[in-house]
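Peer 1: I am sharing coords_12.txt, which consists of compact mmCIF, C-alpha atoms and all ligand atoms:
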# COMPACT_ATOMS: atom_id res chain seq x y z
CA MET M 1 124.63 118.20 92.06
CA GLN M 2 122.88 114.85 91.61
CA SER M 3 126.19 112.96 91.28
CA ASN M 4 127.11 113.80 94.91
CA MET M 5 123.86 112.44 96.22
CA PRO M 6 123.36 108.87 97.36
CA ASP M 7 121.44 106.81 94.82
CA ILE M 8 120.26 103.79 96.71
CA ALA M 9 118.19 102.40 93.82
CA ASP M 10 121.52 101.76 92.08
CA THR M 11 123.86 101.02 94.95
CA ALA M 12 122.11 99.69 98.06
CA PRO M 13 121.61 95.95 98.50
CA ALA M 14 118.04 94.66 98.38
CA LEU M 15 116.70 93.74 101.85
CA GLN M 16 115.56 90.51 100.33
CA THR M 17 116.13 89.28 96.77
CA GLY M 18 113.44 88.19 94.31
CA LYS M 19 111.70 89.07 91.06
CA LEU M 20 108.66 91.34 91.07
CA ASP M 21 105.89 91.36 88.45
CA TRP M 22 105.10 95.09 88.51
CA VAL M 23 106.69 98.03 90.28
CA GLY M 24 105.78 101.64 89.63
CA MET M 25 103.30 104.36 90.49
CA ALA M 26 99.52 104.68 90.70
CA ASP M 27 97.11 107.59 90.69
CA ILE M 28 99.40 110.00 88.81
CA GLU M 29 97.60 113.16 87.71
CA LEU M 30 98.10 113.49 83.99
CA PRO M 31 96.21 115.93 81.76
CA PHE M 32 96.84 115.28 78.06
CA LEU M 33 95.51 115.69 74.55
CA PHE M 34 93.91 112.44 73.46
CA GLU M 35 93.69 111.42 69.80
CA SER M 36 91.12 109.05 68.36
CA ARG M 37 89.74 108.56 64.84
CA ASP M 38 87.09 111.09 63.70
CA LEU M 39 87.60 113.29 66.77
CA ALA M 40 89.61 116.50 67.15
CA PRO M 41 92.31 116.06 69.85
CA ILE M 42 90.46 116.19 73.20
CA ASN M 43 91.79 117.60 76.47
CA VAL M 44 91.30 115.00 79.18
CA ASN M 45 92.32 114.75 82.83
CA ALA M 46 93.65 111.25 83.25
CA LYS M 47 94.82 109.29 86.25
CA ALA M 48 97.80 107.21 85.20
CA ARG M 49 99.48 104.06 86.45
CA ALA M 50 102.99 103.28 85.23
CA PHE M 51 104.92 100.07 85.82
CA VAL M 52 107.90 97.98 84.87
CA ASN M 53 108.74 94.50 86.06
CA LEU M 54 111.84 94.00 88.20
CA HIS M 55 113.50 90.83 87.02
CA LYS M 56 116.94 91.55 88.48
CA GLU M 57 116.60 89.67 91.74
CA ASP M 58 119.20 91.61 93.74
CA ALA M 59 118.42 95.14 92.49
CA LYS M 60 117.21 97.42 95.27
CA GLY M 61 114.53 99.08 93.17
CA ILE M 62 113.44 100.66 89.92
CA HIS M 63 113.87 104.34 88.96
CA MET M 64 110.44 105.81 89.53
CA SER M 65 111.39 109.28 88.27
CA ARG M 66 112.27 107.90 84.83
CA LEU M 67 108.75 106.52 84.39
CA PHE M 68 107.21 109.72 85.74
CA LEU M 69 109.20 111.95 83.40
CA ALA M 70 108.40 109.81 80.34
CA LEU M 71 104.70 110.26 81.15
CA ASP M 72 105.23 113.97 81.62
CA THR M 73 106.69 114.21 78.11
CA LEU M 74 103.57 112.49 76.82
CA SER M 75 101.45 115.04 78.64
CA THR M 76 103.33 118.22 77.76
CA GLU M 77 105.05 117.62 74.42
CA GLN M 78 102.91 115.05 72.62
CA HIS M 79 99.36 113.91 71.87
CA VAL M 80 98.36 110.54 73.30
CA ASN M 81 97.89 107.92 70.58
CA PRO M 82 99.17 104.35 70.05
CA GLN M 83 102.56 105.54 68.71
CA THR M 84 103.34 107.95 71.56
CA ILE M 85 102.23 105.42 74.17
CA ALA M 86 104.53 102.84 72.55
CA GLN M 87 107.39 105.38 72.70
CA ALA M 88 106.78 105.93 76.42
CA LEU M 89 106.77 102.17 77.03
CA ASP M 90 110.02 101.84 75.07
CA SER M 91 111.58 104.56 77.19
CA PHE M 92 110.44 102.75 80.38
CA ILE M 93 112.38 99.69 79.20
CA SER M 94 115.42 101.51 77.80
CA SER M 95 115.78 103.49 81.06
CA HIS M 96 115.76 100.21 83.02
CA THR M 97 118.31 98.18 81.09
CA GLY M 98 119.20 95.06 83.02
CA LEU M 99 116.32 95.56 85.44
CA SER M 100 113.14 95.24 83.36
CA ASP M 101 111.83 93.73 80.13
CA GLN M 102 108.12 94.44 80.59
CA ALA M 103 106.30 97.76 80.94
CA LYS M 104 102.71 98.83 81.42
CA ILE M 105 100.80 102.12 81.26
CA GLU M 106 97.17 102.60 82.30
CA PHE M 107 95.24 105.80 81.61
CA LYS M 108 91.84 106.25 83.19
CA PHE M 109 89.71 109.23 82.17
CA GLU M 110 86.32 110.47 81.08
CA LEU M 111 86.01 111.10 77.34
CA PRO M 112 83.58 114.00 76.73
CA LEU M 113 81.71 113.71 73.43
CA ARG M 114 79.05 115.84 71.74
CA ARG M 115 75.98 113.65 71.31
CA LYS M 116 72.94 114.48 69.18
CA SER M 117 69.40 114.36 70.57
CA LEU M 118 67.03 111.73 69.16
CA LEU M 119 64.74 113.98 67.09
CA SER M 120 64.98 117.68 67.93
CA GLY M 121 68.36 118.35 66.32
CA LYS M 122 69.90 119.57 69.62
CA ALA M 123 73.20 118.31 71.05
CA GLY M 124 74.87 118.03 74.45
CA TRP M 125 77.97 116.69 76.20
CA LYS M 126 78.10 113.13 77.44
CA SER M 127 81.16 111.63 79.14
CA TYR M 128 82.27 108.06 78.69
CA PRO M 129 84.54 106.45 81.32
CA LEU M 130 87.48 104.96 79.47
CA THR M 131 90.62 103.08 80.53
CA ILE M 132 93.46 102.38 78.12
CA VAL M 133 95.97 99.73 79.11
CA ALA M 134 99.14 99.41 77.03
CA LYS M 135 101.86 96.82 77.67
CA ILE M 136 105.14 95.80 76.20
CA ASP M 137 106.33 92.32 77.03
CA ARG M 138 109.79 91.37 75.72
CA GLY M 139 109.23 93.60 72.67
CA VAL M 140 105.58 92.62 72.04
CA LEU M 141 103.14 95.51 72.28
CA SER M 142 99.46 95.17 73.27
CA PHE M 143 96.56 97.56 73.84
CA GLU M 144 93.31 97.11 75.71
CA LEU M 145 90.32 99.45 76.02
CA ASN M 146 87.84 99.37 78.87
CA LEU M 147 84.71 101.41 78.21
CA ASP M 148 81.40 102.01 80.00
CA VAL M 149 78.22 102.76 78.06
CA THR M 150 75.15 103.84 80.02
CA TYR M 151 71.65 103.05 78.74
CA SER M 152 68.09 102.48 79.83
CA SER M 153 66.60 98.98 80.05
CA THR M 154 62.89 98.27 80.42
CA CYS M 155 61.93 94.93 81.94
CA PRO M 156 60.05 92.66 79.50
CA CYS M 157 58.41 90.76 82.37
CA SER M 158 57.18 93.96 83.96
CA ALA M 159 55.90 95.13 80.55
CA ALA M 160 53.86 91.93 80.10
CA LEU M 161 52.41 92.24 83.61
CA ALA M 162 51.51 95.89 83.01
CA ARG M 163 49.81 94.99 79.71
CA GLN M 164 47.72 92.37 81.52
CA LEU M 165 46.55 94.97 84.06
CA ILE M 166 45.66 97.33 81.21
CA GLN M 167 43.62 94.58 79.52
CA GLN M 168 41.82 93.81 82.79
CA ALA M 169 41.05 97.50 83.36
CA PHE M 170 39.67 97.70 79.82
CA VAL M 171 37.42 94.67 80.33
CA GLU M 172 36.07 96.02 83.63
CA LYS M 173 35.42 99.48 82.26
CA PHE M 174 33.75 98.55 78.97
CA GLN M 175 32.13 95.12 79.55
CA GLN M 176 28.55 96.39 79.21
CA HIS M 177 28.44 98.20 75.90
CA THR M 178 29.68 98.46 72.35
CA LEU M 179 32.51 100.99 71.96
CA SER M 180 32.95 103.79 69.51
CA HIS M 181 36.38 104.45 68.01
CA GLU M 182 36.41 107.82 69.80
CA GLU M 183 35.68 106.25 73.20
CA VAL M 184 38.64 103.87 72.81
CA VAL M 185 40.98 106.66 71.69
CA ASN M 186 39.93 108.85 74.63
CA TRP M 187 40.32 106.01 77.11
CA LEU M 188 43.79 105.15 75.77
CA GLY M 189 44.82 108.78 76.24
CA SER M 190 43.63 108.89 79.87
CA THR M 191 45.52 107.94 83.02
CA ASP M 192 43.08 105.01 83.42
CA GLY M 193 44.16 103.75 79.99
CA ILE M 194 47.69 103.13 81.32
CA ILE M 195 46.86 101.77 84.74
CA ALA M 196 50.34 100.24 85.10
CA THR M 197 53.79 101.06 83.71
CA PRO M 198 56.72 98.64 83.42
CA HIS M 199 59.83 99.53 85.40
CA SER M 200 63.02 100.52 83.64
CA GLN M 201 66.45 101.20 85.02
CA ARG M 202 69.68 103.00 84.30
CA SER M 203 72.05 100.29 83.10
CA ILE M 204 75.75 100.10 82.28
CA ALA M 205 77.57 97.91 79.79
CA ASN M 206 81.26 97.51 80.82
CA VAL M 207 83.20 96.36 77.78
CA LYS M 208 86.86 95.38 77.57
CA VAL M 209 88.43 94.77 74.16
CA LYS M 210 91.92 93.73 73.14
CA LEU M 211 93.18 95.69 70.12
CA ASP M 212 95.47 94.62 67.35
CA SER M 213 99.05 95.57 68.34
CA SER M 214 99.60 97.16 64.90
CA ILE M 215 96.83 99.78 65.26
CA ARG M 216 97.81 103.25 64.04
CA GLU M 217 95.00 105.06 65.88
CA PHE M 218 92.36 104.47 68.54
CA ASP M 219 88.75 104.38 67.32
CA ILE M 220 86.70 104.97 70.43
CA LEU M 221 83.84 106.76 68.67
CA SER M 222 83.03 103.81 66.44
CA LEU M 223 83.10 101.41 69.43
CA ILE M 224 80.71 103.67 71.37
CA ASN M 225 78.41 104.11 68.36
CA THR M 226 78.36 100.38 67.69
CA LEU M 227 77.40 99.58 71.29
CA GLU M 228 74.79 102.35 71.56
CA ASP M 229 73.23 101.54 68.18
CA GLU M 230 72.86 97.93 69.27
CA LEU M 231 71.38 98.74 72.68
CA LYS M 232 69.05 101.37 71.11
CA THR M 233 68.34 103.21 74.38
CA PRO M 234 71.57 105.02 75.38
CA VAL M 235 71.21 107.69 78.07
CA GLN M 236 70.59 111.05 76.38
CA ALA M 237 72.21 114.47 76.78
CA ALA M 238 69.95 117.19 75.30
CA VAL M 239 66.25 116.25 75.57
CA LYS M 240 63.18 118.18 74.32
CA ARG M 241 59.68 116.66 74.61
CA GLU M 242 59.85 115.10 71.14
CA ASP M 243 63.13 113.42 72.15
CA GLU M 244 61.58 112.15 75.38
CA GLN M 245 58.65 110.67 73.47
CA GLU M 246 61.04 108.96 71.04
CA PHE M 247 63.01 107.62 74.03
CA ALA M 248 59.76 106.20 75.48
CA ARG M 249 59.02 104.54 72.12
CA LEU M 250 62.55 103.10 71.88
CA ASN M 251 62.28 101.73 75.43
CA GLY M 252 58.91 100.14 74.64
CA GLN M 253 60.28 98.58 71.44
CA ASN M 254 63.49 97.31 73.05
CA LEU M 255 62.45 95.55 76.23
CA MET M 256 65.41 93.69 77.68
CA PHE M 257 66.65 91.52 80.48
CA CYS M 258 70.37 91.75 81.25
CA GLU M 259 70.74 88.48 79.28
CA ASP M 260 69.27 90.15 76.17
CA ALA M 261 71.66 93.10 76.45
CA ALA M 262 74.63 90.76 77.02
CA ARG M 263 73.79 88.66 73.95
CA LYS M 264 73.38 91.77 71.78
CA ILE M 265 76.76 93.15 72.86
CA LYS M 266 78.45 89.77 72.52
CA ALA M 267 77.19 89.51 68.93
CA VAL M 268 78.52 92.94 67.90
CA LEU M 269 81.91 92.31 69.54
CA GLU M 270 82.13 88.98 67.69
CA ASP M 271 81.32 90.76 64.42
CA ALA M 272 83.95 93.42 65.09
CA GLN M 273 86.55 90.62 65.31
CA TYR M 274 88.40 91.88 68.38
CA ALA M 275 91.33 89.67 69.35
CA ASP M 276 89.53 89.17 72.69
CA TYR M 277 86.71 90.75 74.65
CA TRP M 278 85.04 90.69 78.05
CA LEU M 279 81.70 92.26 78.88
CA GLN M 280 79.62 92.79 81.97
CA ILE M 281 76.07 94.06 81.78
CA ASN M 282 74.71 95.71 84.92
CA HIS M 283 71.01 96.49 85.27
CA TYR M 284 70.71 98.67 88.38
CA GLU M 285 67.25 97.43 89.24
CA SER M 286 64.43 99.70 90.27
CA LEU M 287 62.33 96.68 91.30
CA HIS M 288 65.00 95.25 93.59
CA ALA M 289 67.63 96.78 95.83
CA HIS M 290 70.10 94.42 94.14
CA ASP M 291 71.29 94.39 90.52
CA ALA M 292 70.92 92.03 87.57
CA VAL M 293 74.29 91.14 86.00
CA ALA M 294 75.43 89.13 82.97
CA ILE M 295 79.05 88.42 81.97
CA ALA M 296 80.52 86.98 78.78
CA VAL M 297 83.96 86.55 77.21
CA LYS M 298 85.16 85.55 73.74
CA GLY M 299 86.46 82.34 75.27
CA ILE M 300 89.92 82.01 73.71
CA ALA M 301 92.72 80.00 75.31
CA GLY M 302 94.75 82.20 77.65
CA GLY M 303 92.28 85.08 77.11
CA TYR M 304 89.92 86.99 79.39
CA GLN M 305 88.23 84.97 82.08
CA PRO M 306 84.54 85.50 82.96
N1 LIG M 401 112.31 102.47 93.74
C1 LIG M 401 111.57 103.18 94.59
N2 LIG M 401 111.71 104.54 94.64
C2 LIG M 401 110.91 105.23 95.50
C3 LIG M 401 109.94 104.59 96.30
N3 LIG M 401 109.27 105.52 97.02
C4 LIG M 401 109.81 106.71 96.69
N4 LIG M 401 110.81 106.54 95.77
C5 LIG M 401 111.63 107.66 95.28
O1 LIG M 401 111.62 107.87 93.90
C6 LIG M 401 112.65 108.82 93.69
C7 LIG M 401 113.13 108.77 92.29
O2 LIG M 401 113.93 107.65 92.07
P1 LIG M 401 114.98 107.60 90.86
O3 LIG M 401 114.27 107.50 89.58
O4 LIG M 401 115.95 106.51 91.13
O5 LIG M 401 115.61 109.08 90.98
P2 LIG M 401 117.03 109.62 90.57
O6 LIG M 401 118.09 108.73 91.16
O7 LIG M 401 117.04 111.06 90.89
O8 LIG M 401 116.97 109.46 89.01
P3 LIG M 401 118.08 108.77 88.09
O9 LIG M 401 119.32 109.61 88.21
O10 LIG M 401 117.47 108.80 86.73
O11 LIG M 401 118.30 107.37 88.60
C8 LIG M 401 113.74 108.52 94.71
O12 LIG M 401 113.95 109.69 95.45
C9 LIG M 401 113.09 107.44 95.58
O13 LIG M 401 113.30 107.63 96.96
C10 LIG M 401 109.83 103.18 96.24
O14 LIG M 401 109.03 102.53 96.94
N5 LIG M 401 110.66 102.51 95.38
In structure tokens, write the structure found in this file.
Peer 2:
Amino acid sequence: MQSNMPDIADTAPALQTGKLDWVGMADIELPFLFESRDLAPINVNAKARAFVNLHKEDAKGIHMSRLFLALDTLSTEQHVNPQTIAQALDSFISSHTGLSDQAKIEFKFELPLRRKSLLSGKAGWKSYPLTIVAKIDRGVLSFELNLDVTYSSTCPCSAALARQLIQQAFVEKFQQHTLSHEEVVNWLGSTDGIIATPHSQRSIANVKVKLDSSIREFDILSLINTLEDELKTPVQAAVKREDEQEFARLNGQNLMFCEDAARKIKAVLEDAQYADYWLQINHYESLHAHDAVAIAVKGIAGGYQP
């Protein structure tokens, strides 16, 4: 049937000749089973982008269906891991002999993970936005992860200003007489004892890391744990009162500007020895209607740009 049909991608002349960097499809719906170290295979609903370059200057076009069907195999017959992604990239190239020598796949999805509460022993689901970019360029494979981690940041400046107001309130209230221990404890437990509170905000660390091309498996859980352990105040899933109190303590003990968060994350990414990294810290301010942002890269030649 197909052989009787016109196939203009193969036979028609290009309207205009020239090489193209990427040609393919975006926003492809692709549910699949995702594999990563220390996690059971997870069902995710990804949006995929699939591309090859078109280096044959006079070819009319690429064969979109061949890319689409290779992704479909990944979705229906395989689990997604570095090996199966590499196979799909290889099939992109081998199905475009003479047309392409580079291929790229991007998967964007939310990774749902069970996360433990701080103290109460409960657990709940928390989703992490994740993008995986895999490329093959003249036989050389590369992987990149792009992950968002959401946390709470309490402003150190606001905390200092609030402390000053609390001191002033104390001086005004108790200037006349000597205090008993009980009076101080009672006052500290009253609303008057905390006359001002520092502002804190929901914040997001966007982190992009380049992985070693020889990796056998993804290790998203350890990257998330490393980032959250460093920030100390990740957004929580299940929360009982004891967890909320612990969260308040952690916020009070980890006051941070966006610069502080950026330096913490930069240090852990350096320690983890990623081939390259890029990070952007976003503090979605509750004081301002605008946001506080800090950006850093590893700074290698030809690497990520800030
Ligand atoms: N190259 C290209 N194809 C497009 C575009 N928009 C839609 N398509 C369609 O993508 C469909 C699949 O293309 P092919 O992979 O060449 O399909 P096919 O010829 O049935 O598959 P093969 O026999 O493997 O070549 C065709 O029907 C094209 O019309 C576009 O902008 N560029």
Peer 1: Enumerate residues in contact with ligand LIG 401 (chain M): an atom-to-atom distance of at most 10 Å, counting only C-alpha atoms and all ligand atoms. Format the result as a list in words.
Peer 2: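 Selection of residues at most 10 Å from ligand LIG 401 (chain M): Gln2, Ser3, Met5, Pro6, Asp7, Ile8, Ala9, Asp10, Val23, Gly24, Met25, Ala59, Lys60, Gly61, Ile62, His63, Met64, Ser65, Arg66, Leu67, Phe68, Leu69, Ser95 and His96 of chain M.
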Peer 1: Using Å and a single decimal, report how far atom CA of M:Thr226 sits from atom CA of M:Pro31.
Peer 2: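 Result for atom CA of M:Pro31 versus atom CA of M:Thr226: 27.5 Å, one decimal.
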Peer 1: Which of these residues is nearest to M:Ser158, using all atoms listed in the file: M:Val239, M:Leu255, M:Ile85, M:Ala272?
Peer 2: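 Under the stated criterion, the closest residue is M:Leu255.
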Peer 1: Between M:Ala160, M:Val293, M:Val149, M:Leu141, which one has atoms that come closest to M:Leu227, using all atoms listed in the file?
Peer 2: M:Val149
Peer 1: (72.0, 97.3, 69.3) in this file's frame - what residues fall within 10 Å of it? Use all atoms listed in the file and give the answer as a PyMOL selection string.
Peer 2: chain M and resi 225-234+254+261+263-265+267-268
Peer 1: Would you mind listing, for every residue of stretch 47-147 of chain M within 10 Å of stretch 277-283 of chain M, the two atoms forming the shortest contact and the distance between them in Å to one decimal, using all atoms listed in the file, sorted by chain and ascending residue number, as JSON lines?
Peer 2:
{"residue": "M:Glu144", "atom": "CA", "partner": "M:Tyr277", "partner_atom": "CA", "distance": 9.2}
{"residue": "M:Leu145", "atom": "CA", "partner": "M:Tyr277", "partner_atom": "CA", "distance": 9.5}
{"residue": "M:Asn146", "atom": "CA", "partner": "M:Trp278", "partner_atom": "CA", "distance": 9.2}
{"residue": "M:Leu147", "atom": "CA", "partner": "M:Leu279", "partner_atom": "CA", "distance": 9.7}
Peer 1: Would you mind reading off the distance between atom CA of M:Ser153 and atom CA of M:Asn251, one decimal, in Å?
Peer 2: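 Atom CA of M:Asn251 lies at a distance of 6.9 Å from atom CA of M:Ser153.
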Peer 1: Find the distance between atom CA of M:Asn186 and atom CA of M:Asp243 and write it in Å to one decimal.
Peer 2: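 Interatomic distance here is 23.8 Å.
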Peer 1: For each of M:Ala123, M:Leu118, M:Leu99, M:Ala134, take the minimum atom-to-atom distance to M:Gln245, counting all atoms listed in the file, then give the residue where this is smallest.
Peer 2: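 Residue with the minimum atom-to-atom distance to M:Gln245: M:Leu118.
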Peer 1: Smallest atom-to-atom distance to M:Ala40: which of M:Arg114, M:Glu270, M:Ala301, M:Ala12, using all atoms listed in the file?
Peer 2: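 Once distances to M:Ala40 are computed over all atoms listed in the file, the minimum belongs to M:Arg114.
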Peer 1: Under the rule that all atoms listed in the file are counted, which of M:Val185, M:Ile28, M:Ala237, M:Ile224 is the nearest residue to M:Leu71?
Peer 2: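 Closest residue, counting all atoms listed in the file: M:Ile28.
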Peer 1: Can you list, as a VMD selection string, every protein, DNA or RNA residue that comes within 12 Å of stretch 285-287 of chain M when you count all atoms listed in the file, leaving out same-chain residues fewer than 6 positions away?
Peer 2: chain M and resid 152 to 155 157 to 158 198 to 204 257 to 258 293
Peer 1: Output the selection as a short mmCIF file (atom, residue, chain, number, x, y, z; two decimals), in the coordinates of the input - C-alpha atoms for each residue.
Peer 2:
data_model
loop_
_atom_site.label_atom_id
_atom_site.label_comp_id
_atom_site.auth_asym_id
_atom_site.auth_seq_id
_atom_site.Cartn_x
_atom_site.Cartn_y
_atom_site.Cartn_z
CA SER M 152 68.09 102.48 79.83
CA SER M 153 66.60 98.98 80.05
CA THR M 154 62.89 98.27 80.42
CA CYS M 155 61.93 94.93 81.94
CA CYS M 157 58.41 90.76 82.37
CA SER M 158 57.18 93.96 83.96
CA PRO M 198 56.72 98.64 83.42
CA HIS M 199 59.83 99.53 85.40
CA SER M 200 63.02 100.52 83.64
CA GLN M 201 66.45 101.20 85.02
CA ARG M 202 69.68 103.00 84.30
CA SER M 203 72.05 100.29 83.10
CA ILE M 204 75.75 100.10 82.28
CA PHE M 257 66.65 91.52 80.48
CA CYS M 258 70.37 91.75 81.25
CA VAL M 293 74.29 91.14 86.00
#
Peer 1: Need the shell around M:Glu172: protein/DNA/RNA residues with any atom at most 12 Å away, counting only C-alpha atoms. Skip same-chain ones fewer than 5 positions apart. Format as JSON, numbers by chain?
Peer 2: {"M": [165, 166, 167, 177, 192, 193]}
Peer 1: Using only C-alpha atoms, pick whichever of M:Leu39, M:Leu221, M:Ser75, M:Leu119 has the shortest atom-to-atom distance to M:Glu246.
Peer 2: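 Once distances to M:Glu246 are computed over only C-alpha atoms, the minimum belongs to M:Leu119.
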Peer 1: Take the point (100.6, 110.8, 74.0) as written in the file and pick out every residue within 12 Å of it, counting only C-alpha atoms; give the list as an NGL selection string.
Peer 2: :M and (30-36 or 41-44 or 46 or 70-89 or 105 or 107 or 132 or 134 or 217-218)
Peer 1: Keeping only C-alpha atoms, take the residues you just selected and write them out as a CSV table (one decimal), keeping the file's coordinate frame.
Peer 2:
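As written to disk, out_37.csv reads:
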chain,number,residue,atom,x,y,z
M,30,LEU,CA,98.1,113.5,84.0
M,31,PRO,CA,96.2,115.9,81.8
M,32,PHE,CA,96.8,115.3,78.1
M,33,LEU,CA,95.5,115.7,74.6
M,34,PHE,CA,93.9,112.4,73.5
M,35,GLU,CA,93.7,111.4,69.8
M,36,SER,CA,91.1,109.0,68.4
M,41,PRO,CA,92.3,116.1,69.8
M,42,ILE,CA,90.5,116.2,73.2
M,43,ASN,CA,91.8,117.6,76.5
M,44,VAL,CA,91.3,115.0,79.2
M,46,ALA,CA,93.6,111.2,83.2
M,70,ALA,CA,108.4,109.8,80.3
M,71,LEU,CA,104.7,110.3,81.2
M,72,ASP,CA,105.2,114.0,81.6
M,73,THR,CA,106.7,114.2,78.1
M,74,LEU,CA,103.6,112.5,76.8
M,75,SER,CA,101.4,115.0,78.6
M,76,THR,CA,103.3,118.2,77.8
M,77,GLU,CA,105.0,117.6,74.4
M,78,GLN,CA,102.9,115.0,72.6
M,79,HIS,CA,99.4,113.9,71.9
M,80,VAL,CA,98.4,110.5,73.3
M,81,ASN,CA,97.9,107.9,70.6
M,82,PRO,CA,99.2,104.4,70.0
M,83,GLN,CA,102.6,105.5,68.7
M,84,THR,CA,103.3,108.0,71.6
M,85,ILE,CA,102.2,105.4,74.2
M,86,ALA,CA,104.5,102.8,72.6
M,87,GLN,CA,107.4,105.4,72.7
M,88,ALA,CA,106.8,105.9,76.4
M,89,LEU,CA,106.8,102.2,77.0
M,105,ILE,CA,100.8,102.1,81.3
M,107,PHE,CA,95.2,105.8,81.6
M,132,ILE,CA,93.5,102.4,78.1
M,134,ALA,CA,99.1,99.4,77.0
M,217,GLU,CA,95.0,105.1,65.9
M,218,PHE,CA,92.4,104.5,68.5
Peer 1: Will you model N, CA and C atoms for stretch 124-141 of chain M and pass it back as a PDB file, in the frame of the given file?
Peer 2:
ATOM      1  N   GLY M 124      74.359 117.766  73.097  1.00  0.00           N
ATOM      2  CA  GLY M 124      74.870 118.030  74.450  1.00  0.00           C
ATOM      3  C   GLY M 124      76.084 117.161  74.722  1.00  0.00           C
ATOM      4  N   TRP M 125      76.774 117.465  75.834  1.00  0.00           N
ATOM      5  CA  TRP M 125      77.970 116.690  76.200  1.00  0.00           C
ATOM      6  C   TRP M 125      77.569 115.423  76.961  1.00  0.00           C
ATOM      7  N   LYS M 126      78.265 114.366  76.660  1.00  0.00           N
ATOM      8  CA  LYS M 126      78.100 113.130  77.440  1.00  0.00           C
ATOM      9  C   LYS M 126      79.506 112.546  77.619  1.00  0.00           C
ATOM     10  N   SER M 127      79.817 112.152  78.850  1.00  0.00           N
ATOM     11  CA  SER M 127      81.160 111.630  79.140  1.00  0.00           C
ATOM     12  C   SER M 127      81.148 110.116  79.245  1.00  0.00           C
ATOM     13  N   TYR M 128      82.155 109.528  78.679  1.00  0.00           N
ATOM     14  CA  TYR M 128      82.270 108.060  78.690  1.00  0.00           C
ATOM     15  C   TYR M 128      83.509 107.655  79.479  1.00  0.00           C
ATOM     16  N   PRO M 129      83.357 106.921  80.585  1.00  0.00           N
ATOM     17  CA  PRO M 129      84.540 106.450  81.320  1.00  0.00           C
ATOM     18  C   PRO M 129      85.338 105.467  80.462  1.00  0.00           C
ATOM     19  N   LEU M 130      86.629 105.759  80.353  1.00  0.00           N
ATOM     20  CA  LEU M 130      87.480 104.960  79.470  1.00  0.00           C
ATOM     21  C   LEU M 130      88.804 104.654  80.172  1.00  0.00           C
ATOM     22  N   THR M 131      89.265 103.418  80.067  1.00  0.00           N
ATOM     23  CA  THR M 131      90.620 103.080  80.530  1.00  0.00           C
ATOM     24  C   THR M 131      91.369 102.460  79.367  1.00  0.00           C
ATOM     25  N   ILE M 132      92.587 102.965  79.147  1.00  0.00           N
ATOM     26  CA  ILE M 132      93.460 102.380  78.120  1.00  0.00           C
ATOM     27  C   ILE M 132      94.602 101.698  78.839  1.00  0.00           C
ATOM     28  N   VAL M 133      94.843 100.442  78.518  1.00  0.00           N
ATOM     29  CA  VAL M 133      95.970  99.730  79.110  1.00  0.00           C
ATOM     30  C   VAL M 133      96.903  99.345  77.962  1.00  0.00           C
ATOM     31  N   ALA M 134      98.161  99.752  78.067  1.00  0.00           N
ATOM     32  CA  ALA M 134      99.140  99.410  77.030  1.00  0.00           C
ATOM     33  C   ALA M 134     100.297  98.684  77.713  1.00  0.00           C
ATOM     34  N   LYS M 135     100.756  97.604  77.079  1.00  0.00           N
ATOM     35  CA  LYS M 135     101.860  96.820  77.670  1.00  0.00           C
ATOM     36  C   LYS M 135     102.882  96.501  76.622  1.00  0.00           C
ATOM     37  N   ILE M 136     104.119  96.363  77.078  1.00  0.00           N
ATOM     38  CA  ILE M 136     105.140  95.800  76.200  1.00  0.00           C
ATOM     39  C   ILE M 136     105.791  94.662  76.988  1.00  0.00           C
ATOM     40  N   ASP M 137     105.818  93.508  76.351  1.00  0.00           N
ATOM     41  CA  ASP M 137     106.330  92.320  77.030  1.00  0.00           C
ATOM     42  C   ASP M 137     107.393  91.695  76.135  1.00  0.00           C
ATOM     43  N   ARG M 138     108.653  91.856  76.517  1.00  0.00           N
ATOM     44  CA  ARG M 138     109.790  91.370  75.720  1.00  0.00           C
ATOM     45  C   ARG M 138     109.623  91.762  74.246  1.00  0.00           C
ATOM     46  N   GLY M 139     109.318  93.051  74.035  1.00  0.00           N
ATOM     47  CA  GLY M 139     109.230  93.600  72.670  1.00  0.00           C
ATOM     48  C   GLY M 139     107.854  93.511  72.033  1.00  0.00           C
ATOM     49  N   VAL M 140     106.912  92.769  72.656  1.00  0.00           N
ATOM     50  CA  VAL M 140     105.580  92.620  72.040  1.00  0.00           C
ATOM     51  C   VAL M 140     104.605  93.609  72.688  1.00  0.00           C
ATOM     52  N   LEU M 141     104.017  94.440  71.812  1.00  0.00           N
ATOM     53  CA  LEU M 141     103.140  95.510  72.280  1.00  0.00           C
ATOM     54  C   LEU M 141     101.681  95.030  72.304  1.00  0.00           C
TER      55      LEU M 141
END
